[in-house]
Protein chains: 2
Amino acid sequence: MAAKRVRYLKIGIIGLGPRSPAQIIGTKDVGNAVVTAICDCDESRIEPSLKLMRDNQMKRPRTYLDYRELLADPEVEAVMVPASWNPHIPIAIDAMRAGKYVACEVGGACSIQQLWDLVHASEETGIPCMMLENCCYGRDEMLALNLVRQGLFGEIIYCEGGYEHYLGGLARTIESGRERSFHNLRRNGDLYPTHALGPISKILNINRGNRFVSLTSTATKARGFAAAAEKNGGKGSGGHRDFNKGDVITTVIKCANGEVITLKHCVSLPRPYSRSCRVQGTRGIWLEDAKGIFIEGRSKVETHGPPGATWQVEKWDTVESYYEEHDHPLWKSFRDNITGGHGGMDTLVIQAFFDAVRHRAPTPIDVYDCAAWMSITCLSEDSIAMGSAPVPVPDFTNGKWIKREPERETPWMLSEIYKG
Amino acid sequence: MAAKRVRYLKIGIIGLGPRSPAQIIGTKDVGNAVVTAICDCDESRIEPSLKLMRDNQMKRPRTYLDYRELLADPEVEAVMVPASWNPHIPIAIDAMRAGKYVACEVGGACSIQQLWDLVHASEETGIPCMMLENCCYGRDEMLALNLVRQGLFGEIIYCEGGYEHYLGGLARTIESGRERSFHNLRRNGDLYPTHALGPISKILNINRGNRFVSLTSTATKARGFAAAAEKNGGKGSGGHRDFNKGDVITTVIKCANGEVITLKHCVSLPRPYSRSCRVQGTRGIWLEDAKGIFIEGRSKVETHGPPGATWQVEKWDTVESYYEEHDHPLWKSFRDNITGGHGGMDTLVIQAFFDAVRHRAPTPIDVYDCAAWMSITCLSEDSIAMGSAPVPVPDFTNGKWIKREPERETPWMLSEIYKG
């Protein structure tokens, strides 16, 4: 996908954990950037990353053990931070303070204060912070966004989504110290809200004429991880552990303009994967689990029953039947040449970041999005801790959301859409 | 379905509104009872019911304008009350006080006090009150119940359901005085919770070792009915009206044993019908909208990815693939000879009521079920009115739920299952 005469961006990567290969390879897939430096405080993670790059014919980068040294490297133009959920926010703050565009991975916050710190770092330096929420670039999510912007769903009223991904194996990775396992062991809230919330926020123009105002959150009992450890015969699990996180977390978010979003988090019960998306307006609906779209006046409605006592039966269209005509423009240009992880989403989100860096433009997912989306995790913990009491969501824009324009004109990916 | 030498029960029907034909014809479908008396305070409704019965070769019943006279009729052995949401609870109370078994239609309560009155009437007289919640007898709901009782889903953790049925026409029936339209116009809460909550309550053994303890409820803005009236060009709609009920109501109920139930109510936005059921345990899940069941160790799991970095992809089984082996016993005996409305559910629920009356046995849905299920409506209104604050659900059993046995041994339909 490399455009001609493109200057190659020089990217630093901080945190060489399980998500880093996707960013290293993603950089290669995008094709107009190079990984010029990598960093991890754990020295043992450096060599596997170097090997990955060698195996993929990528030039050897400089290596660092202290991320502050990488941030001081003048050759590094921007950084991606696939570090884990705790360190990535402070690292992102330091990156902006060092003048580097920064892209965090997904994952929620532990406190509201660290999100204010993130926002202040961006506001004070003028440097953007993007979340690499790849699902914002999912084909169906962008199709829904496009249908909404075309007005085919009418006024949007209600959205739903979730992260429903069976990760029973986490019960066995406590001993190997995998960060995500420990969060599931100790915390009780929606630890991973953004895969569905990101795309939904774009659809609802959150922080641009709309915002999250409050939420309630409710947890079930916690049985799944213990059951998963038991199925493994306790092998490698260190025996029984009481996980604090309820198996299913349900969070209901109210928005300023009267919409409601229901989010689910479920990683400890066996089931097929789903992001459980639903986008519903006065004229139409997309329901991921039904693999269906219904649009009034367009989708089929059957009439049943005897004359005088008939009733109507609305029928789903398949999602696929909308691709040809209604794919988002970005996907129309991408769909014949899909490359990269997670069905191409990884490529698209990384390319969007690189394009913003290249043009010194705002990132399509900005620091206010990061703060609002990540806040749901700790606010969900707060509400659950207080018996599902409603808790307010801070306005991280301090009122700017009221007059910020919706994103219709904002480039989602400069070079592809605008041939910039 | 008439058994030989069955004595025909004599049934009275109070309230000849839109739901009454289903009960009149349902009585004929069941085949071991006759409608011996009908009643409505609106005299104009008597003749259409008589005509319906004539057209169906049913014997002419006695007719009443005052339901207290019907209740005093010594020939009436039990009453069904398809009256609307406001009057059916006081009528049911008077029926029990008159010594008649009573069956209400579905619909929520307006206050907790009227539910206590209902419970006290049953406790003081020893007469059961049943809700004719036909969805408790739906094939898929009973299949799920059976799978749960067989242990195939493991320990149940989370359930979901809803009433998602586009009733845009209600916006036009304000003028004709249809009761349900007025509730949607004035109230803001889950007005119709029991189609999903009934079957889920049976699965979770509510009031039998478990109970609802609290809930939160959240409403979206209200746009759907106004849009529906507008589409009609204001014709018959009396012009624009501001409906108070939000288009989508989301209610999250916590249970004593740590399960959570999420309920949705959505009748004003166009979409295909669904009861949106989900029943999820430590080993399996049924998801209505996916038309799928997944059971660990039984359903297909594919392995993807390169050696050393594989991931698993769980696949749905179709619901249909479980019918042959795992249909509930009641459905196994019914499935080759389905008769009656709503796919047979109406027949089954009415027959269950008649069987209880015939044997002077407890009804399979009892007064505590009625009170707990109907309470969700006014509690949902309370929570919404208080900004989604959690509200407690009363224990209508006054502690009896703690030691009441689960229903495994309770006859769901005496004559069919037990050949009584």
# chains A, B, ... in the order shown; residues from 1 in each chain; ligands from 1
$ closest_atom_pairs --of "segment 277-395 of chain B" --to "segment 239-255 of chain A" --cutoff "10 Å" --atoms "only C-alpha atoms" --output "JSON lines"
{"residue": "B:Gln280", "atom": "CA", "partner": "A:Val248", "partner_atom": "CA", "distance": 9.6}
{"residue": "B:Gly281", "atom": "CA", "partner": "A:Asp247", "partner_atom": "CA", "distance": 9.5}
{"residue": "B:Thr282", "atom": "CA", "partner": "A:Asp247", "partner_atom": "CA", "distance": 9.0}
{"residue": "B:Gly387", "atom": "CA", "partner": "A:Lys254", "partner_atom": "CA", "distance": 9.8}
{"residue": "B:Ser388", "atom": "CA", "partner": "A:Val252", "partner_atom": "CA", "distance": 9.4}
$ write_last_selection --atoms "N, CA and C atoms" --output "CSV table (one decimal), in the first residue's frame"
chain,number,residue,atom,x,y,z
B,280,GLN,N,-26.7,-18.0,30.0
B,280,GLN,CA,-25.3,-18.3,30.0
B,280,GLN,C,-24.8,-18.9,31.3
B,281,GLY,N,-24.0,-20.0,31.2
B,281,GLY,CA,-23.5,-20.6,32.4
B,281,GLY,C,-22.0,-20.8,32.2
B,282,THR,N,-21.4,-21.5,33.1
B,282,THR,CA,-20.0,-21.8,33.1
B,282,THR,C,-19.6,-22.8,32.0
B,387,GLY,N,-32.8,8.8,38.2
B,387,GLY,CA,-31.5,8.8,37.6
B,387,GLY,C,-30.8,7.5,37.5
B,388,SER,N,-31.5,6.4,37.4
B,388,SER,CA,-31.0,5.0,37.3
B,388,SER,C,-30.4,4.6,38.7
$ interface_residues --of "chain A" --to "chain B" --cutoff "6 Å" --atoms "only C-alpha atoms" --output "list in words"
Thr220, Lys221, Gly224, Gly258, Glu259, Val260, Leu269, Pro272, Thr282, Asp289, Ala290, Glu314, Lys315, Ala389 and Pro390 of chain A
$ write_last_selection --atoms "all heavy atoms" --output "compact mmCIF listing (two decimals), in the first residue's frame"
# COMPACT_ATOMS: atom_id res chain seq x y z
N THR A 220 -21.88 -9.95 37.69
CA THR A 220 -22.34 -11.25 38.18
C THR A 220 -21.31 -11.80 39.17
O THR A 220 -20.23 -11.24 39.34
CB THR A 220 -22.45 -12.28 37.04
OG1 THR A 220 -21.12 -12.53 36.54
CG2 THR A 220 -23.34 -11.81 35.92
N LYS A 221 -21.66 -12.92 39.75
CA LYS A 221 -20.67 -13.68 40.50
C LYS A 221 -19.52 -14.11 39.59
O LYS A 221 -19.64 -14.04 38.36
CB LYS A 221 -21.32 -14.91 41.14
CG LYS A 221 -22.01 -15.85 40.16
CD LYS A 221 -22.77 -16.93 40.94
CE LYS A 221 -23.83 -17.61 40.07
NZ LYS A 221 -24.69 -18.50 40.88
N GLY A 224 -16.18 -18.38 36.28
CA GLY A 224 -15.62 -18.91 35.04
C GLY A 224 -14.13 -19.24 35.12
O GLY A 224 -13.71 -20.32 34.70
N GLY A 258 -29.38 12.00 25.11
CA GLY A 258 -30.47 11.09 25.39
C GLY A 258 -30.29 9.68 24.88
O GLY A 258 -31.16 8.83 25.06
N GLU A 259 -29.15 9.40 24.24
CA GLU A 259 -28.90 8.02 23.82
C GLU A 259 -28.40 7.21 25.02
O GLU A 259 -27.88 7.75 25.99
CB GLU A 259 -27.84 7.96 22.71
CG GLU A 259 -28.13 8.82 21.50
CD GLU A 259 -27.56 10.23 21.63
OE1 GLU A 259 -27.18 10.63 22.77
OE2 GLU A 259 -27.52 10.94 20.62
N VAL A 260 -28.53 5.90 24.92
CA VAL A 260 -28.02 4.98 25.95
C VAL A 260 -27.15 3.93 25.26
O VAL A 260 -27.46 3.50 24.14
CB VAL A 260 -29.17 4.32 26.74
CG1 VAL A 260 -28.66 3.18 27.62
CG2 VAL A 260 -29.88 5.36 27.59
N LEU A 269 -16.27 -17.05 30.34
CA LEU A 269 -17.25 -18.10 30.08
C LEU A 269 -17.13 -18.54 28.62
O LEU A 269 -17.05 -17.70 27.72
CB LEU A 269 -18.68 -17.58 30.34
CG LEU A 269 -18.96 -17.08 31.76
CD1 LEU A 269 -20.37 -16.51 31.84
CD2 LEU A 269 -18.77 -18.17 32.80
N PRO A 272 -18.82 -18.48 21.62
CA PRO A 272 -18.24 -17.88 20.43
C PRO A 272 -17.96 -16.39 20.65
O PRO A 272 -18.68 -15.71 21.37
CB PRO A 272 -19.32 -18.10 19.35
CG PRO A 272 -20.08 -19.30 19.84
CD PRO A 272 -20.10 -19.16 21.33
N THR A 282 -34.29 5.60 14.72
CA THR A 282 -35.73 5.66 14.49
C THR A 282 -36.14 4.99 13.18
O THR A 282 -37.32 4.76 12.95
CB THR A 282 -36.21 7.12 14.46
OG1 THR A 282 -35.39 7.85 13.53
CG2 THR A 282 -36.11 7.76 15.83
N ASP A 289 -25.07 -9.87 16.28
CA ASP A 289 -25.30 -11.29 16.55
C ASP A 289 -26.34 -11.90 15.62
O ASP A 289 -26.34 -13.11 15.39
CB ASP A 289 -25.68 -11.50 18.02
CG ASP A 289 -24.46 -11.41 18.93
OD1 ASP A 289 -23.37 -11.81 18.50
OD2 ASP A 289 -24.60 -10.92 20.06
N ALA A 290 -27.23 -11.08 15.09
CA ALA A 290 -28.20 -11.57 14.10
C ALA A 290 -27.61 -11.52 12.69
O ALA A 290 -28.26 -11.93 11.73
CB ALA A 290 -29.49 -10.76 14.16
N GLU A 314 -41.21 -8.14 10.36
CA GLU A 314 -40.03 -7.51 9.79
C GLU A 314 -38.92 -8.55 9.66
O GLU A 314 -38.72 -9.36 10.56
CB GLU A 314 -39.55 -6.36 10.69
CG GLU A 314 -40.51 -5.18 10.78
CD GLU A 314 -41.62 -5.34 11.81
OE1 GLU A 314 -41.67 -6.41 12.48
OE2 GLU A 314 -42.45 -4.42 11.95
N LYS A 315 -38.18 -8.52 8.54
CA LYS A 315 -37.14 -9.52 8.28
C LYS A 315 -35.76 -8.85 8.19
O LYS A 315 -35.63 -7.74 7.65
CB LYS A 315 -37.42 -10.23 6.94
CG LYS A 315 -38.82 -10.79 6.81
CD LYS A 315 -39.13 -11.90 7.77
CE LYS A 315 -38.54 -13.24 7.33
NZ LYS A 315 -38.98 -14.33 8.26
N ALA A 389 -24.65 1.92 41.91
CA ALA A 389 -25.08 3.32 41.96
C ALA A 389 -24.62 4.04 40.70
O ALA A 389 -23.55 3.75 40.17
CB ALA A 389 -24.49 4.01 43.19
N PRO A 390 -25.42 4.99 40.21
CA PRO A 390 -24.98 5.78 39.06
C PRO A 390 -23.80 6.66 39.44
O PRO A 390 -23.77 7.24 40.53
CB PRO A 390 -26.21 6.63 38.71
CG PRO A 390 -27.09 6.59 39.90
CD PRO A 390 -26.78 5.34 40.67
$ residues_around --residues "Asp346 of chain B" --least-positions-apart "3" --cutoff "8 Å" --atoms "only C-alpha atoms" --output "list in words"
Ala22, Gln23, Gly26, Asn134, Gly340, Gly341, His342, Gly343, Val349 and Ile350 of chain B
$ write_last_selection --atoms "N, CA and C atoms" --output "PDB file, in the first residue's frame"
ATOM      1  N   ALA B  22     -57.887 -14.820  22.198  1.00  0.00           N
ATOM      2  CA  ALA B  22     -56.886 -15.878  22.362  1.00  0.00           C
ATOM      3  C   ALA B  22     -57.286 -16.816  23.506  1.00  0.00           C
ATOM      4  N   GLN B  23     -57.901 -16.270  24.537  1.00  0.00           N
ATOM      5  CA  GLN B  23     -58.293 -17.126  25.664  1.00  0.00           C
ATOM      6  C   GLN B  23     -59.556 -17.907  25.346  1.00  0.00           C
ATOM      7  N   GLY B  26     -58.385 -20.371  22.871  1.00  0.00           N
ATOM      8  CA  GLY B  26     -57.450 -21.241  23.588  1.00  0.00           C
ATOM      9  C   GLY B  26     -58.190 -22.279  24.424  1.00  0.00           C
ATOM     10  N   ASN B 134     -47.304 -17.018  28.420  1.00  0.00           N
ATOM     11  CA  ASN B 134     -47.187 -18.070  27.413  1.00  0.00           C
ATOM     12  C   ASN B 134     -45.729 -18.364  27.039  1.00  0.00           C
ATOM     13  N   GLY B 340     -52.948 -24.209  18.363  1.00  0.00           N
ATOM     14  CA  GLY B 340     -53.200 -22.981  19.118  1.00  0.00           C
ATOM     15  C   GLY B 340     -52.267 -21.855  18.752  1.00  0.00           C
ATOM     16  N   GLY B 341     -52.525 -20.690  19.363  1.00  0.00           N
ATOM     17  CA  GLY B 341     -51.862 -19.452  18.987  1.00  0.00           C
ATOM     18  C   GLY B 341     -50.424 -19.359  19.448  1.00  0.00           C
ATOM     19  N   HIS B 342     -49.678 -18.431  18.820  1.00  0.00           N
ATOM     20  CA  HIS B 342     -48.285 -18.169  19.164  1.00  0.00           C
ATOM     21  C   HIS B 342     -47.454 -19.450  19.166  1.00  0.00           C
ATOM     22  N   GLY B 343     -47.622 -20.237  18.121  1.00  0.00           N
ATOM     23  CA  GLY B 343     -46.821 -21.449  17.981  1.00  0.00           C
ATOM     24  C   GLY B 343     -47.118 -22.508  19.020  1.00  0.00           C
ATOM     25  N   VAL B 349     -50.006 -22.961  27.955  1.00  0.00           N
ATOM     26  CA  VAL B 349     -50.120 -22.225  29.219  1.00  0.00           C
ATOM     27  C   VAL B 349     -51.548 -22.311  29.757  1.00  0.00           C
ATOM     28  N   ILE B 350     -52.534 -22.298  28.855  1.00  0.00           N
ATOM     29  CA  ILE B 350     -53.926 -22.398  29.325  1.00  0.00           C
ATOM     30  C   ILE B 350     -54.200 -23.799  29.859  1.00  0.00           C
TER      31      ILE B 350
END
$ atom_distance --atom1 "atom CA of Arg19 of chain B" --atom2 "atom CA of Ala83 of chain B"
7.9 Å
$ closest_residue --among "A:Ser122, A:Asn337, A:Asn210, A:Asn398" --to "Pro362 of chain A" --atoms "only C-alpha atoms"
A:Ser122
$ residues_around --residues "Val81 of chain B" --least-positions-apart "2" --cutoff "8 Å" --atoms "only C-alpha atoms" --output "ChimeraX atom specification"
/B:13-15,79,83,88,91-92,102-105
$ select_by_dssp --residues "segment 179-367 of chain B" --states "helix (DSSP H, G or I)" --output "number ranges by chain"
B: 179-186, 194-203, 224-231, 288-290, 319-326, 329-337, 342-358, 367
$ residues_around --residues "Ser44 of chain A" --least-positions-apart "6" --cutoff "12 Å" --atoms "only C-alpha atoms" --output "MDAnalysis selection string"
chainID A and resid 15:17 50 63:65
$ residues_around --residues "segment 33-42 of chain B" --least-positions-apart "3" --cutoff "8 Å" --atoms "only C-alpha atoms" --output "PyMOL selection string"
chain B and resi 7-16+24+27-28+30+45-46+58-67+70+75-76+354
